[in-house]
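Everything below concerns the one structure shown next.
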Amino acid sequence: MYKLLKELYPLCRSITGIEVNKTLNIIKNEIPINVKTIQSGTNVFDWKIPLEWNISDAYVKNSKGEKIIDFKDHNLHIVSYSEPINTNITYNELIKHIYTLKEYPDWIPYRTSYYKKDWGFCMKYNDFLKLDKNEIYEVHIDSSLKNGNLTYADLIIPGKVKKEILISCYICHPSMCSDSISGVVVATYLANYLLNKDNYYTYRFLFIPETIGSIAYLSLHIKELKENVIGGYVITCVGDEGKFTYLKTRKENQLVDKITLYTLEKNIESFNIRDFTKAGSDERQYNYPGVDLNIGSLMKSKYHDYPEYHTSADDLNFVSEQGLNETLNMYIKCIELFEINHYYKTNTICEPQLGKYGLYNNIGGECDKYNKDKIDGHLISKFLKYCDGEHDIIDVSIKLNITINMSKIIIEKLIKNELIKI
Amino acid sequence: MYKLLKELYPLCRSITGIEVNKTLNIIKNEIPINVKTIQSGTNVFDWKIPLEWNISDAYVKNSKGEKIIDFKDHNLHIVSYSEPINTNITYNELIKHIYTLKEYPDWIPYRTSYYKKDWGFCMKYNDFLKLDKNEIYEVHIDSSLKNGNLTYADLIIPGKVKKEILISCYICHPSMCSDSISGVVVATYLANYLLNKDNYYTYRFLFIPETIGSIAYLSLHIKELKENVIGGYVITCVGDEGKFTYLKTRKENQLVDKITLYTLEKNIESFNIRDFTKAGSDERQYNYPGVDLNIGSLMKSKYHDYPEYHTSADDLNFVSEQGLNETLNMYIKCIELFEINHYYKTNTICEPQLGKYGLYNNIGGECDKYNKDKIDGHLISKFLKYCDGEHDIIDVSIKLNITINMSKIIIEKLIKNELIKI
Amino acid sequence: MYKLLKELYPLCRSITGIEVNKTLNIIKNEIPINVKTIQSGTNVFDWKIPLEWNISDAYVKNSKGEKIIDFKDHNLHIVSYSEPINTNITYNELIKHIYTLKEYPDWIPYRTSYYKKDWGFCMKYNDFLKLDKNEIYEVHIDSSLKNGNLTYADLIIPGKVKKEILISCYICHPSMCSDSISGVVVATYLANYLLNKDNYYTYRFLFIPETIGSIAYLSLHIKELKENVIGGYVITCVGDEGKFTYLKTRKENQLVDKITLYTLEKNIESFNIRDFTKAGSDERQYNYPGVDLNIGSLMKSKYHDYPEYHTSADDLNFVSEQGLNETLNMYIKCIELFEINHYYKTNTICEPQLGKYGLYNNIGGECDKYNKDKIDGHLISKFLKYCDGEHDIIDVSIKLNITINMSKIIIEKLIKNELIKI
C-alpha cells in the first residue's frame, strides 16, 4: 500500500483538474472503478459544480529574479483554485495573499479558495520572516479556470442482497499523505479484498472530491442510496501508527457504530471515540438530516487532532506500511462482522432434538453448565434461545460470553441443519 | 410587585365571597382579565359549587365583655366558611372549636371548613393558655352562607399559534403572603410582560379559588385545554428570598420540566426538585390522570417546607420585592425558552453552500475546529446537522456546548436565509 | 410436605413407565389432577414420544456370584432407559458402561440415555476402584422398552378471568429429593392453597416429565397457552434450607420477574439472581422464542450450583420440612401479589371529593404532608394520582414508599366507593 501511496503523493490534486484524472487512472490499474464526469455549472442541491482548475506553474520572484516561492518545489505553495495572475506588487500587497503557520514555522500550510475568485501562496513562517519589506515582487500564476468537468469514480461489488455498505474516500488533496490519499489506498485494497470473495452485502466504493463530490453523487443517487445503504465508512487519516479513532454517525447508535466499537473493543486495548459534532469530511453529507445513510469513520490520528494535519508535514514520513496495514486489517474485521451479524430466527417451536442432528451428547444428566470455549449441545442449545429475531450475533455473543468466531461456527452448524434462518 | 401584594394582603378572601371580587377588581386595574361567575349548586365533575360565604364580624367575649378573639384583629382568627352563630358556651364547649399551633405559640394557624357545616376560631397557642376554664364565653359570628356565586377570572393572550401555555394562581387565601397572593402578583406581572410583546404561543392566565376553581374551570374547558395546552405552571409561594424549588409534573419528563430544570441549572447554583408526590395545589387537577396538561410549579420556599406556611407568620415581612423579582425573572427566562425551543428542520438536502449566504469564511483549509463562543461557518454548519426535527434547541445547545443565546442568534441567521424552518 | 416427599422418594421414575403412574396417583390423593397419556411414537414438534421404559431388576455380578452393583440397593445405579441385557463381559468392556464421580467418590451419579439405545450403571468412585481388572462380569438388566405411553397430569383452577398463571414441575427423576420431587410437593401444596380460595387469575398446574413432557404439552395446547398465560414458574430444587435463587425469564423484565424480585427484596435480606442463560429445566421450552410464556423459576439452591445435584447425595437428608415451607410461603407471597398487582384507573375526571365518601378529614389547612404509615385523605389522594393505567400496584407502592399491604387496603376502600377500576 505504501508504494501506491508514494505514486499518488506528488500529484497536485484539487476538486477538479487533470491531476484528479491521473489519480483515478492509477487506482483503475488496481481495481475496476468506473470513472465519470459532471460538467461545470451543473446544479447539485444548493451548490453548483465549479469551473475546472488546472495549474502548470506559479512563483514569486524578487527583483533579482530569484524565485523565493516556487510551486515546483511543493504543491502546497499555491492556494488551491488560485486564479491566473502575472504582476509586480509591493511587499504590503503581497502579504495579503500569503499564508503561514507561526506555530510550526518550518511547515507549509494547505489553503484553498474554491468558491471565491482569489489567489494566494502558502509558505514556511521562517521563510516569510526573511522577505524584504522594500522589495517589489513579481507574482506569476499560470493556472486556468475553465468550463470543464468534475471527475469522480465509483465501484459497485454486487452481493447476495441489494442492501449495501458504502465506502467513501476523497481524491482532492494535493501532496499530503494521511489526510486523503491514505484513505484512497486503504479503500482500494479493501475493494480488492471484497472483489475476491462472495459477499452477503453489496459494496459501493466512491472516489470523489470532498464535499462537492459527495453532494454531487448524492444528488444523482440519493433515492437508491437511501433505499439500500445500511451503513458504511468514510476512510481518511489512516496511514500513521497512532491510536485508532472512531467517529460515530450522527444518530450515534447505528449498526456501523455497534459493529465498529465492538470490533475495536475486542481487538485493541485502547482507542478514541469522537461524536458527530467532530465530523469534518463527507460523513457530514451522508449523515445530513434526511439523508441519514449512517456513515461512520474509522481513522488513526484524526484530522484536527494531529498538528501535521493540513500541512507539508503530513508527508511520506508521517505514514507507513505498518500504519496502513493496521487500518486495512481492522476494516476487514469490521466488514467480516457486518457480513454475519444478522438477526437469526429458530425454525422449530420449542428446542429441536439436537441429538438427531449429532449436536448433542447422548448421555444425559451430566452437569450441563455450558463451557464458553467448547461447542457442545449445551452451548448450541443456549445459542438457539437467542435466535429470536431480536438479538443480532453481537448481542448473542455478549449474552453467552463467547467470541464472534465461536458464534460463527455455531451458526454454520445450525444453518446446515436448517434449524435457524435469517 | 410588593405594593400590589400589600394592597391585596388585608382582604379576607375565601373560595367565594365579596372579597374575592375585590381581589379580582384590583388585578383588573393591572391587566385586562375577564371576571366570570358560576352559581352555587352547579355540579362540576364529582363536586358541587358551594354556597357563597361572606363575613362581617366575629369575636369571642368573656363575661366581662372583653373580646378575647377578634376577627377584626386578623382575618385568620376565623375558620373559613364558619357558619353564623350567636351564643354563650362554656370553656369546654368553646375549645372544641379552637385551633392553635403548639410548636409556634405566637402564630395564628389557618383553617377552613368548606364542605362541612361548622364554625371555629384560630388563635395563638400562648393566648389559648390564658383562657379561663371557668368562664362562659359569648361567641358571635356574623357570617352568611347563601346561594350566590363562585367568582374567577381568566385572560387569554393570543400568540402566533393556538398551542398554549397555562399559568394558574389562586385567589382564595386570606391575609397570607407567599402562599397564594405572591403567585397572584407574579402572574399579573408576567401577563403584563407577555401583553407587551409578540408571542409564539398563546398564554392563558387563570385567577381562581384553589381546587374547586380549577375543577370548575376544567369542567367548562377541558376539551380545548387538552387540545391546546402544551404545559405551564401553577404560581404560588414565590415571594420570599429562599431557594427555588421546582415541583415536577406527574409524568415527570415533560417539556415544562425540561425547560424549567435547564433554565434553573444554567442560571443558579442550587435549587430543590420535588416530584409530583409532593404536589399540593391546582397542579393536582391539571395533571390528574386523563387530564394531563403537564403543569409544573416553580416556587421559592415550597408550601409544607417552611414553618410559616398556613400561619399568620406568612406575612408582609416574610416576602420582599427582591424575592418576587427573582421569581418573575426566572419565569420570564423559562417563557423565553419556551418561545424559541422548537424542533427545527433544514430546508436543504446536504449542507447548504454557506459561503453564498455570507455565513462561511471563503479561504478553506484552516483547522476548522469550531469555537463554541464564535459564530462562524463551522459552528453554523454543525448547528444545521441537528436541525433534524428530533433535537429541540435545548438538545442542540447541549450537544454543541453553546448557550441558548448563541443558538438564538444562529437560528435568526438561518431563518433569515430560509435554511431552516420549524 | 416432607412426609409426601418421603413417600415419593423411593420410586424409580423416568420419563415414562409404571412408577410415573404411581407418582401421579400419590399426587391425586392430594389434589384433583387429571392424568393423561400420549402414545409412544407420537410426533411432538421436532421430537417423538419414546417407547415406554420399565425395569424390574439389574445387577453386575463377579465370578463368585456376588452382586457388586445392585439396582435394588439404589435406583440411581441404573442409567435411565437402559435396554435389557444378560451377558458376561470383561472388565475393559464393562467400564465403558460405568459412570462415576471422581470428585465425590462416595456419591452415585445420575445418568440417562433416553434417545440412544444403550445401557449403563452408575456407582460410587470408591467402589469402582475396587473392581478386579481380571474378572469376567455378569451383567443383567431386566428392563423393557415397548410401545406404551407417556403419562402426565394437569390441573386447572378457574379464576375470575381467563388469563392464567402456569405452574410446572417434573415427575421424571428417580430417588433424588430437591431436584424434581421437592418441586412436585410444593406445587401440590400450592395448588391446594389456591383450590381453597377465590382467585382472580386462572391457575394451571402441570406434572410432566422434563423436556419431552413440556414439549408434548405445548404441542397440544400452545394456542390457548399463548393466548392466556401471563407468566408463571417452573418449581424445582426447593427443598433445602439454602438461599433463594431466582432464574429470570428469557425476556428478563416480565411481570413474573418484577413480582418475584420485588417479593424477595421486601421479604429477605439476600438472594441470588440468575439470568436465562443459566436455564436448565422446562422454562427452556416455555420461554423458547415464539413460545414466550414468560416463565421464571424460584428455587433454593439451584441445579448446577450445589454439588449434591444429580447424585445420590440429593437425598432425604439434603431437604427438610423447613426448607419446603420457606419455599411454599414465598410462592404464596408472589401469587398474592400477582392477584392484586393490576393497573387501576380512576373513575373521576379531576380528584373526587373524598370528604363525600368519608375518606377526608373535613377541616382543611393542616399541613398535608402525607404520612406513609397512616391511611388518610392525603395518602388516598396521592394514591389516586397514579391510578392512570400505567402504574401497577408495585409501581405505586414504590412511588409513595408504602407497603403492598397498605396499597391493598387503599384499593379496597377506593373500589368500594367505585372511585377506581381495573
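Starting from 1 in every chain, residues are counted up; chains themselves are A, B, ... following the order of the C-alpha cells, and ligands are numbered from 1 as listed.
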Contact table range 185-294 of chain C vs range 316-332 of chain C, cut-off 8 Å, shortest pair per residue, only C-alpha atoms, as a tab-separated table:
residue	atom	partner	partner_atom	distance
C:Val186	CA	C:Leu328	CA	5.9
C:Tyr189	CA	C:Leu328	CA	7.6
C:Leu190	CA	C:Leu328	CA	6.7
C:Val238	CA	C:Leu324	CA	6.2
C:Gly239	CA	C:Leu324	CA	4.7
C:Asp240	CA	C:Val319	CA	4.3
C:Glu241	CA	C:Gly323	CA	4.4
C:Gly242	CA	C:Gly323	CA	7.7
C:Thr263	CA	C:Met330	CA	7.9
C:Leu264	CA	C:Met330	CA	7.8
Q: Once DSSP has gone over the backbone, tell me which residues of range 112-314 of chain B are in alpha helix (DSSP H), as a PyMOL selection string.
A: chain B and resi 125-129+181-195+212-228+255-267+283-286
Just the selected residues (C-alpha atoms), exported as a PDB file, in the first residue's frame, please.
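Output (again-v2.pdb):
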ATOM      1  CA  TYR B 125     -51.291  28.996  71.484  1.00  0.00           C
ATOM      2  CA  ASN B 126     -49.945  31.454  74.061  1.00  0.00           C
ATOM      3  CA  ASP B 127     -53.306  33.253  74.126  1.00  0.00           C
ATOM      4  CA  PHE B 128     -55.129  29.947  74.286  1.00  0.00           C
ATOM      5  CA  LEU B 129     -53.250  29.102  77.508  1.00  0.00           C
ATOM      6  CA  ILE B 181     -51.048  36.163  46.661  1.00  0.00           C
ATOM      7  CA  SER B 182     -47.327  36.205  45.858  1.00  0.00           C
ATOM      8  CA  GLY B 183     -48.362  33.950  42.971  1.00  0.00           C
ATOM      9  CA  VAL B 184     -51.209  36.270  42.009  1.00  0.00           C
ATOM     10  CA  VAL B 185     -48.826  39.217  41.878  1.00  0.00           C
ATOM     11  CA  VAL B 186     -46.122  37.425  39.856  1.00  0.00           C
ATOM     12  CA  ALA B 187     -48.755  36.033  37.450  1.00  0.00           C
ATOM     13  CA  THR B 188     -50.131  39.550  36.962  1.00  0.00           C
ATOM     14  CA  TYR B 189     -46.708  40.960  36.116  1.00  0.00           C
ATOM     15  CA  LEU B 190     -45.875  38.005  33.895  1.00  0.00           C
ATOM     16  CA  ALA B 191     -49.120  38.574  31.988  1.00  0.00           C
ATOM     17  CA  ASN B 192     -48.194  42.237  31.623  1.00  0.00           C
ATOM     18  CA  TYR B 193     -44.805  41.270  30.212  1.00  0.00           C
ATOM     19  CA  LEU B 194     -46.448  38.990  27.648  1.00  0.00           C
ATOM     20  CA  LEU B 195     -49.129  41.559  26.744  1.00  0.00           C
ATOM     21  CA  ILE B 212     -62.905  23.877  43.381  1.00  0.00           C
ATOM     22  CA  GLY B 213     -61.852  26.663  40.993  1.00  0.00           C
ATOM     23  CA  SER B 214     -59.562  24.532  38.855  1.00  0.00           C
ATOM     24  CA  ILE B 215     -62.078  21.675  38.857  1.00  0.00           C
ATOM     25  CA  ALA B 216     -64.843  24.086  37.807  1.00  0.00           C
ATOM     26  CA  TYR B 217     -62.660  25.637  35.106  1.00  0.00           C
ATOM     27  CA  LEU B 218     -61.646  22.230  33.782  1.00  0.00           C
ATOM     28  CA  SER B 219     -65.273  21.098  33.734  1.00  0.00           C
ATOM     29  CA  LEU B 220     -66.037  24.005  31.383  1.00  0.00           C
ATOM     30  CA  HIS B 221     -62.912  23.974  29.207  1.00  0.00           C
ATOM     31  CA  ILE B 222     -61.322  20.540  29.354  1.00  0.00           C
ATOM     32  CA  LYS B 223     -61.674  19.810  25.652  1.00  0.00           C
ATOM     33  CA  GLU B 224     -59.912  22.933  24.415  1.00  0.00           C
ATOM     34  CA  LEU B 225     -57.325  22.735  27.167  1.00  0.00           C
ATOM     35  CA  LYS B 226     -56.409  19.146  26.334  1.00  0.00           C
ATOM     36  CA  GLU B 227     -56.216  20.094  22.666  1.00  0.00           C
ATOM     37  CA  ASN B 228     -54.014  23.142  23.068  1.00  0.00           C
ATOM     38  CA  LEU B 255     -41.420  19.849  28.110  1.00  0.00           C
ATOM     39  CA  VAL B 256     -42.098  22.174  31.047  1.00  0.00           C
ATOM     40  CA  ASP B 257     -39.862  20.022  33.248  1.00  0.00           C
ATOM     41  CA  LYS B 258     -37.059  20.063  30.702  1.00  0.00           C
ATOM     42  CA  ILE B 259     -37.284  23.813  30.135  1.00  0.00           C
ATOM     43  CA  THR B 260     -37.533  24.759  33.800  1.00  0.00           C
ATOM     44  CA  LEU B 261     -34.766  22.476  35.003  1.00  0.00           C
ATOM     45  CA  TYR B 262     -32.465  23.566  32.175  1.00  0.00           C
ATOM     46  CA  THR B 263     -33.156  27.229  32.955  1.00  0.00           C
ATOM     47  CA  LEU B 264     -32.515  26.743  36.659  1.00  0.00           C
ATOM     48  CA  GLU B 265     -29.306  24.818  36.019  1.00  0.00           C
ATOM     49  CA  LYS B 266     -27.936  27.459  33.709  1.00  0.00           C
ATOM     50  CA  ASN B 267     -28.839  30.404  35.948  1.00  0.00           C
ATOM     51  CA  GLU B 283     -51.460  21.015  39.545  1.00  0.00           C
ATOM     52  CA  ARG B 284     -53.165  18.070  41.259  1.00  0.00           C
ATOM     53  CA  GLN B 285     -56.156  18.645  38.973  1.00  0.00           C
ATOM     54  CA  TYR B 286     -54.264  19.809  35.878  1.00  0.00           C
TER      55      TYR B 286
END
Write out as JSON lines a residue-level contact list of chain B versus chain A with cut-off 7 Å: for each qualifying residue the closest pair of atoms and the distance in Å to one decimal, counting only C-alpha atoms, rows sorted by chain and residue number upward.
{"residue": "B:Thr348", "atom": "CA", "partner": "A:Asp46", "partner_atom": "CA", "distance": 6.8}
{"residue": "B:Ile349", "atom": "CA", "partner": "A:Phe45", "partner_atom": "CA", "distance": 6.5}
{"residue": "B:Cys350", "atom": "CA", "partner": "A:Gln285", "partner_atom": "CA", "distance": 5.0}
{"residue": "B:Glu351", "atom": "CA", "partner": "A:Gln285", "partner_atom": "CA", "distance": 6.4}
{"residue": "B:Pro352", "atom": "CA", "partner": "A:Asp46", "partner_atom": "CA", "distance": 5.3}
{"residue": "B:Gln353", "atom": "CA", "partner": "A:Trp47", "partner_atom": "CA", "distance": 6.0}
{"residue": "B:Asn362", "atom": "CA", "partner": "A:Ser113", "partner_atom": "CA", "distance": 6.2}
{"residue": "B:Ile363", "atom": "CA", "partner": "A:Ser113", "partner_atom": "CA", "distance": 5.0}
{"residue": "B:Gly364", "atom": "CA", "partner": "A:Thr112", "partner_atom": "CA", "distance": 4.8}
{"residue": "B:Gly365", "atom": "CA", "partner": "A:Arg111", "partner_atom": "CA", "distance": 4.7}
{"residue": "B:Glu366", "atom": "CA", "partner": "A:Arg111", "partner_atom": "CA", "distance": 6.9}
{"residue": "B:Cys367", "atom": "CA", "partner": "A:His304", "partner_atom": "CA", "distance": 6.2}
{"residue": "B:Lys369", "atom": "CA", "partner": "A:His304", "partner_atom": "CA", "distance": 6.8}
{"residue": "B:Lys382", "atom": "CA", "partner": "A:Thr277", "partner_atom": "CA", "distance": 6.4}
{"residue": "B:Lys385", "atom": "CA", "partner": "A:Tyr288", "partner_atom": "CA", "distance": 6.0}
{"residue": "B:Asp388", "atom": "CA", "partner": "A:Pro289", "partner_atom": "CA", "distance": 5.1}
{"residue": "B:Leu400", "atom": "CA", "partner": "A:Thr277", "partner_atom": "CA", "distance": 6.9}
**Q.** CA of Lys413 in chain C to CA of Ile375 in chain C, distance in Å rounded to a single decimal
**A.** 10.3 Å
Q: Give the strand (DSSP E) residues of range 123-324 of chain B, as assigned by DSSP on the backbone, as a ChimeraX atom specification.
A: /B:136-146,149-157,164-170,202-208,229-234,245-247,272-274,295-299
With N, CA and C atoms kept, could you save the residues just selected as a compact mmCIF listing (two decimals), in the first residue's frame?
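Done, and the output landed in selection32.txt:
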# COMPACT_ATOMS: atom_id res chain seq x y z
N ILE B 136 -67.90 31.62 81.04
CA ILE B 136 -68.89 31.39 79.99
C ILE B 136 -68.55 32.40 78.90
N TYR B 137 -68.46 31.93 77.65
CA TYR B 137 -68.00 32.78 76.56
C TYR B 137 -69.15 33.12 75.62
N GLU B 138 -69.12 34.34 75.16
CA GLU B 138 -70.08 34.75 74.12
C GLU B 138 -69.40 34.56 72.77
N VAL B 139 -70.00 33.74 71.96
CA VAL B 139 -69.44 33.50 70.63
C VAL B 139 -70.34 34.19 69.62
N HIS B 140 -69.74 35.01 68.78
CA HIS B 140 -70.53 35.75 67.80
C HIS B 140 -69.86 35.66 66.43
N ILE B 141 -70.56 35.09 65.48
CA ILE B 141 -70.05 35.08 64.10
C ILE B 141 -71.12 35.63 63.20
N ASP B 142 -70.83 36.77 62.61
CA ASP B 142 -71.81 37.41 61.72
C ASP B 142 -71.42 37.09 60.28
N SER B 143 -71.70 35.86 59.88
CA SER B 143 -71.37 35.44 58.52
C SER B 143 -72.65 35.03 57.80
N SER B 144 -72.52 34.85 56.47
CA SER B 144 -73.69 34.35 55.73
C SER B 144 -73.24 33.27 54.75
N LEU B 145 -74.04 32.26 54.57
CA LEU B 145 -73.83 31.18 53.60
C LEU B 145 -75.08 31.12 52.74
N LYS B 146 -75.04 31.71 51.55
CA LYS B 146 -76.24 31.85 50.73
C LYS B 146 -75.96 31.42 49.31
N ASN B 149 -72.44 33.02 44.10
CA ASN B 149 -71.55 32.66 43.01
C ASN B 149 -70.15 32.34 43.48
N LEU B 150 -69.50 31.56 42.66
CA LEU B 150 -68.05 31.43 42.75
C LEU B 150 -67.51 32.34 41.65
N THR B 151 -66.57 33.19 41.99
CA THR B 151 -66.03 34.15 41.02
C THR B 151 -64.59 33.76 40.68
N TYR B 152 -64.25 33.94 39.42
CA TYR B 152 -62.88 33.66 39.00
C TYR B 152 -62.61 34.51 37.76
N ALA B 153 -61.40 34.47 37.26
CA ALA B 153 -61.10 35.25 36.05
C ALA B 153 -60.10 34.52 35.18
N ASP B 154 -60.16 34.80 33.90
CA ASP B 154 -59.10 34.32 33.02
C ASP B 154 -58.66 35.42 32.08
N LEU B 155 -57.54 35.20 31.44
CA LEU B 155 -57.01 36.17 30.48
C LEU B 155 -56.28 35.36 29.42
N ILE B 156 -56.72 35.48 28.19
CA ILE B 156 -56.06 34.75 27.10
C ILE B 156 -55.30 35.74 26.23
N ILE B 157 -54.01 35.52 26.09
CA ILE B 157 -53.17 36.39 25.26
C ILE B 157 -52.82 35.60 24.01
N GLU B 164 -51.04 26.46 23.54
CA GLU B 164 -50.96 27.46 24.61
C GLU B 164 -50.25 26.96 25.86
N ILE B 165 -49.83 27.96 26.63
CA ILE B 165 -49.20 27.72 27.93
C ILE B 165 -50.13 28.26 29.00
N LEU B 166 -50.39 27.40 29.98
CA LEU B 166 -51.35 27.74 31.04
C LEU B 166 -50.62 28.21 32.28
N ILE B 167 -51.01 29.36 32.81
CA ILE B 167 -50.44 29.89 34.06
C ILE B 167 -51.59 30.06 35.04
N SER B 168 -51.51 29.40 36.17
CA SER B 168 -52.64 29.42 37.09
C SER B 168 -52.18 29.87 38.48
N CYS B 169 -53.01 30.73 39.13
CA CYS B 169 -52.75 31.09 40.52
C CYS B 169 -54.07 31.11 41.26
N TYR B 170 -54.03 31.15 42.57
CA TYR B 170 -55.29 31.04 43.31
C TYR B 170 -55.51 32.24 44.22
N THR B 202 -49.86 30.99 22.54
CA THR B 202 -50.97 31.64 23.24
C THR B 202 -50.78 31.37 24.73
N TYR B 203 -51.09 32.37 25.55
CA TYR B 203 -50.97 32.22 27.01
C TYR B 203 -52.32 32.38 27.66
N ARG B 204 -52.63 31.49 28.57
CA ARG B 204 -53.89 31.56 29.30
C ARG B 204 -53.56 31.69 30.79
N PHE B 205 -54.01 32.79 31.40
CA PHE B 205 -53.82 33.00 32.83
C PHE B 205 -55.12 32.74 33.56
N LEU B 206 -55.05 32.02 34.67
CA LEU B 206 -56.25 31.76 35.48
C LEU B 206 -56.04 32.31 36.89
N PHE B 207 -57.05 33.02 37.37
CA PHE B 207 -57.08 33.51 38.75
C PHE B 207 -58.32 32.89 39.38
N ILE B 208 -58.14 31.86 40.17
CA ILE B 208 -59.25 31.01 40.61
C ILE B 208 -59.10 30.62 42.07
N VAL B 229 -53.13 22.96 25.33
CA VAL B 229 -52.11 23.27 26.34
C VAL B 229 -50.91 22.34 26.18
N ILE B 230 -49.71 22.92 26.08
CA ILE B 230 -48.50 22.10 25.96
C ILE B 230 -47.73 22.05 27.28
N GLY B 231 -48.22 22.81 28.27
CA GLY B 231 -47.53 22.83 29.55
C GLY B 231 -47.85 24.13 30.26
N GLY B 232 -47.25 24.32 31.41
CA GLY B 232 -47.48 25.55 32.13
C GLY B 232 -47.14 25.43 33.59
N TYR B 233 -47.62 26.38 34.36
CA TYR B 233 -47.23 26.48 35.77
C TYR B 233 -48.39 26.86 36.67
N VAL B 234 -48.37 26.33 37.88
CA VAL B 234 -49.11 26.92 38.98
C VAL B 234 -48.12 27.82 39.70
N THR B 245 -37.57 26.14 44.21
CA THR B 245 -37.99 24.74 44.29
C THR B 245 -38.85 24.46 43.07
N TYR B 246 -38.49 23.43 42.33
CA TYR B 246 -39.33 23.07 41.19
C TYR B 246 -40.07 21.78 41.48
N LEU B 247 -41.39 21.86 41.35
CA LEU B 247 -42.24 20.68 41.51
C LEU B 247 -42.56 20.15 40.12
N ASN B 272 -33.99 23.23 44.65
CA ASN B 272 -34.61 21.97 45.06
C ASN B 272 -35.51 21.43 43.96
N ILE B 273 -35.59 20.13 43.89
CA ILE B 273 -36.53 19.49 42.97
C ILE B 273 -37.45 18.61 43.80
N ARG B 274 -38.73 18.70 43.53
CA ARG B 274 -39.68 17.82 44.20
C ARG B 274 -40.47 17.05 43.15
N ILE B 295 -48.52 20.40 33.96
CA ILE B 295 -48.32 21.67 34.64
C ILE B 295 -47.35 21.48 35.81
N GLY B 296 -46.25 22.21 35.80
CA GLY B 296 -45.31 22.19 36.91
C GLY B 296 -45.53 23.37 37.83
N SER B 297 -44.63 23.53 38.78
CA SER B 297 -44.76 24.69 39.67
C SER B 297 -43.36 25.10 40.12
N LEU B 298 -43.00 26.33 39.74
CA LEU B 298 -41.70 26.86 40.15
C LEU B 298 -41.93 27.79 41.32
N MET B 299 -41.41 27.40 42.47
CA MET B 299 -41.65 28.15 43.70
C MET B 299 -40.33 28.62 44.29
Q. What does the distance from CA of Asn92 in chain C to CA of Ser56 in chain C come to in Å, to one decimal?
A.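 So the two atoms, CA of Asn92 in chain C and CA of Ser56 in chain C, lie 26.3 Å apart.
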**Q.** Interatomic distance (Å, one decimal) between CA of Lys300 in chain B and CA of Tyr2 in chain B
**A.**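 Between these atoms lies a distance of 15.6 Å.
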Q.
Residues within 12 Å of Asp395 in chain C, please, as a ChimeraX atom specification. Count only C-alpha atoms; anything in the same chain fewer than 4 positions from it doesn't count.
A. /C:255,258-259,262,341-344,383,386-391,399-404,407
Q.
I'd like the neighbourhood of Asn134 in chain C as a list in words, where a residue qualifies if any of its atoms comes within 12 Å (using only C-alpha atoms), though same-chain residues fewer than 4 positions away should be ignored.
A.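 Here the qualifying residues turn out to be Asn62, Ser63, Ile89, Thr90, Tyr91, Asn92, Glu93, Leu94 and Lys130 of chain C.
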Would you mind exporting the chosen residues as a PDB file, in the first residue's frame, restricted to N, CA, C and O atoms?
ATOM      1  N   ASN C  62     -19.819 -60.567  40.076  1.00  0.00           N
ATOM      2  CA  ASN C  62     -18.483 -61.081  39.749  1.00  0.00           C
ATOM      3  C   ASN C  62     -18.555 -62.615  39.611  1.00  0.00           C
ATOM      4  O   ASN C  62     -19.638 -63.200  39.778  1.00  0.00           O
ATOM      5  N   SER C  63     -17.450 -63.189  39.322  1.00  0.00           N
ATOM      6  CA  SER C  63     -17.478 -64.622  39.019  1.00  0.00           C
ATOM      7  C   SER C  63     -17.842 -65.467  40.233  1.00  0.00           C
ATOM      8  O   SER C  63     -18.219 -66.621  40.122  1.00  0.00           O
ATOM      9  N   ILE C  89     -19.054 -60.169  30.464  1.00  0.00           N
ATOM     10  CA  ILE C  89     -18.087 -59.325  29.755  1.00  0.00           C
ATOM     11  C   ILE C  89     -16.863 -59.095  30.614  1.00  0.00           C
ATOM     12  O   ILE C  89     -16.879 -59.279  31.833  1.00  0.00           O
ATOM     13  N   THR C  90     -15.814 -58.649  29.954  1.00  0.00           N
ATOM     14  CA  THR C  90     -14.563 -58.375  30.673  1.00  0.00           C
ATOM     15  C   THR C  90     -14.655 -57.034  31.381  1.00  0.00           C
ATOM     16  O   THR C  90     -15.538 -56.217  31.118  1.00  0.00           O
ATOM     17  N   TYR C  91     -13.670 -56.809  32.251  1.00  0.00           N
ATOM     18  CA  TYR C  91     -13.539 -55.516  32.953  1.00  0.00           C
ATOM     19  C   TYR C  91     -13.488 -54.373  31.949  1.00  0.00           C
ATOM     20  O   TYR C  91     -14.194 -53.371  32.105  1.00  0.00           O
ATOM     21  N   ASN C  92     -12.654 -54.553  30.915  1.00  0.00           N
ATOM     22  CA  ASN C  92     -12.486 -53.457  29.952  1.00  0.00           C
ATOM     23  C   ASN C  92     -13.767 -53.132  29.197  1.00  0.00           C
ATOM     24  O   ASN C  92     -14.034 -51.986  28.867  1.00  0.00           O
ATOM     25  N   GLU C  93     -14.560 -54.172  28.917  1.00  0.00           N
ATOM     26  CA  GLU C  93     -15.852 -53.912  28.263  1.00  0.00           C
ATOM     27  C   GLU C  93     -16.830 -53.258  29.231  1.00  0.00           C
ATOM     28  O   GLU C  93     -17.562 -52.333  28.891  1.00  0.00           O
ATOM     29  N   LEU C  94     -16.807 -53.747  30.460  1.00  0.00           N
ATOM     30  CA  LEU C  94     -17.745 -53.241  31.468  1.00  0.00           C
ATOM     31  C   LEU C  94     -17.590 -51.740  31.689  1.00  0.00           C
ATOM     32  O   LEU C  94     -18.563 -50.997  31.703  1.00  0.00           O
ATOM     33  N   LYS C 130     -12.386 -50.589  43.409  1.00  0.00           N
ATOM     34  CA  LYS C 130     -12.217 -51.946  43.932  1.00  0.00           C
ATOM     35  C   LYS C 130     -12.470 -53.039  42.886  1.00  0.00           C
ATOM     36  O   LYS C 130     -12.256 -54.223  43.171  1.00  0.00           O
TER      37      LYS C 130
END
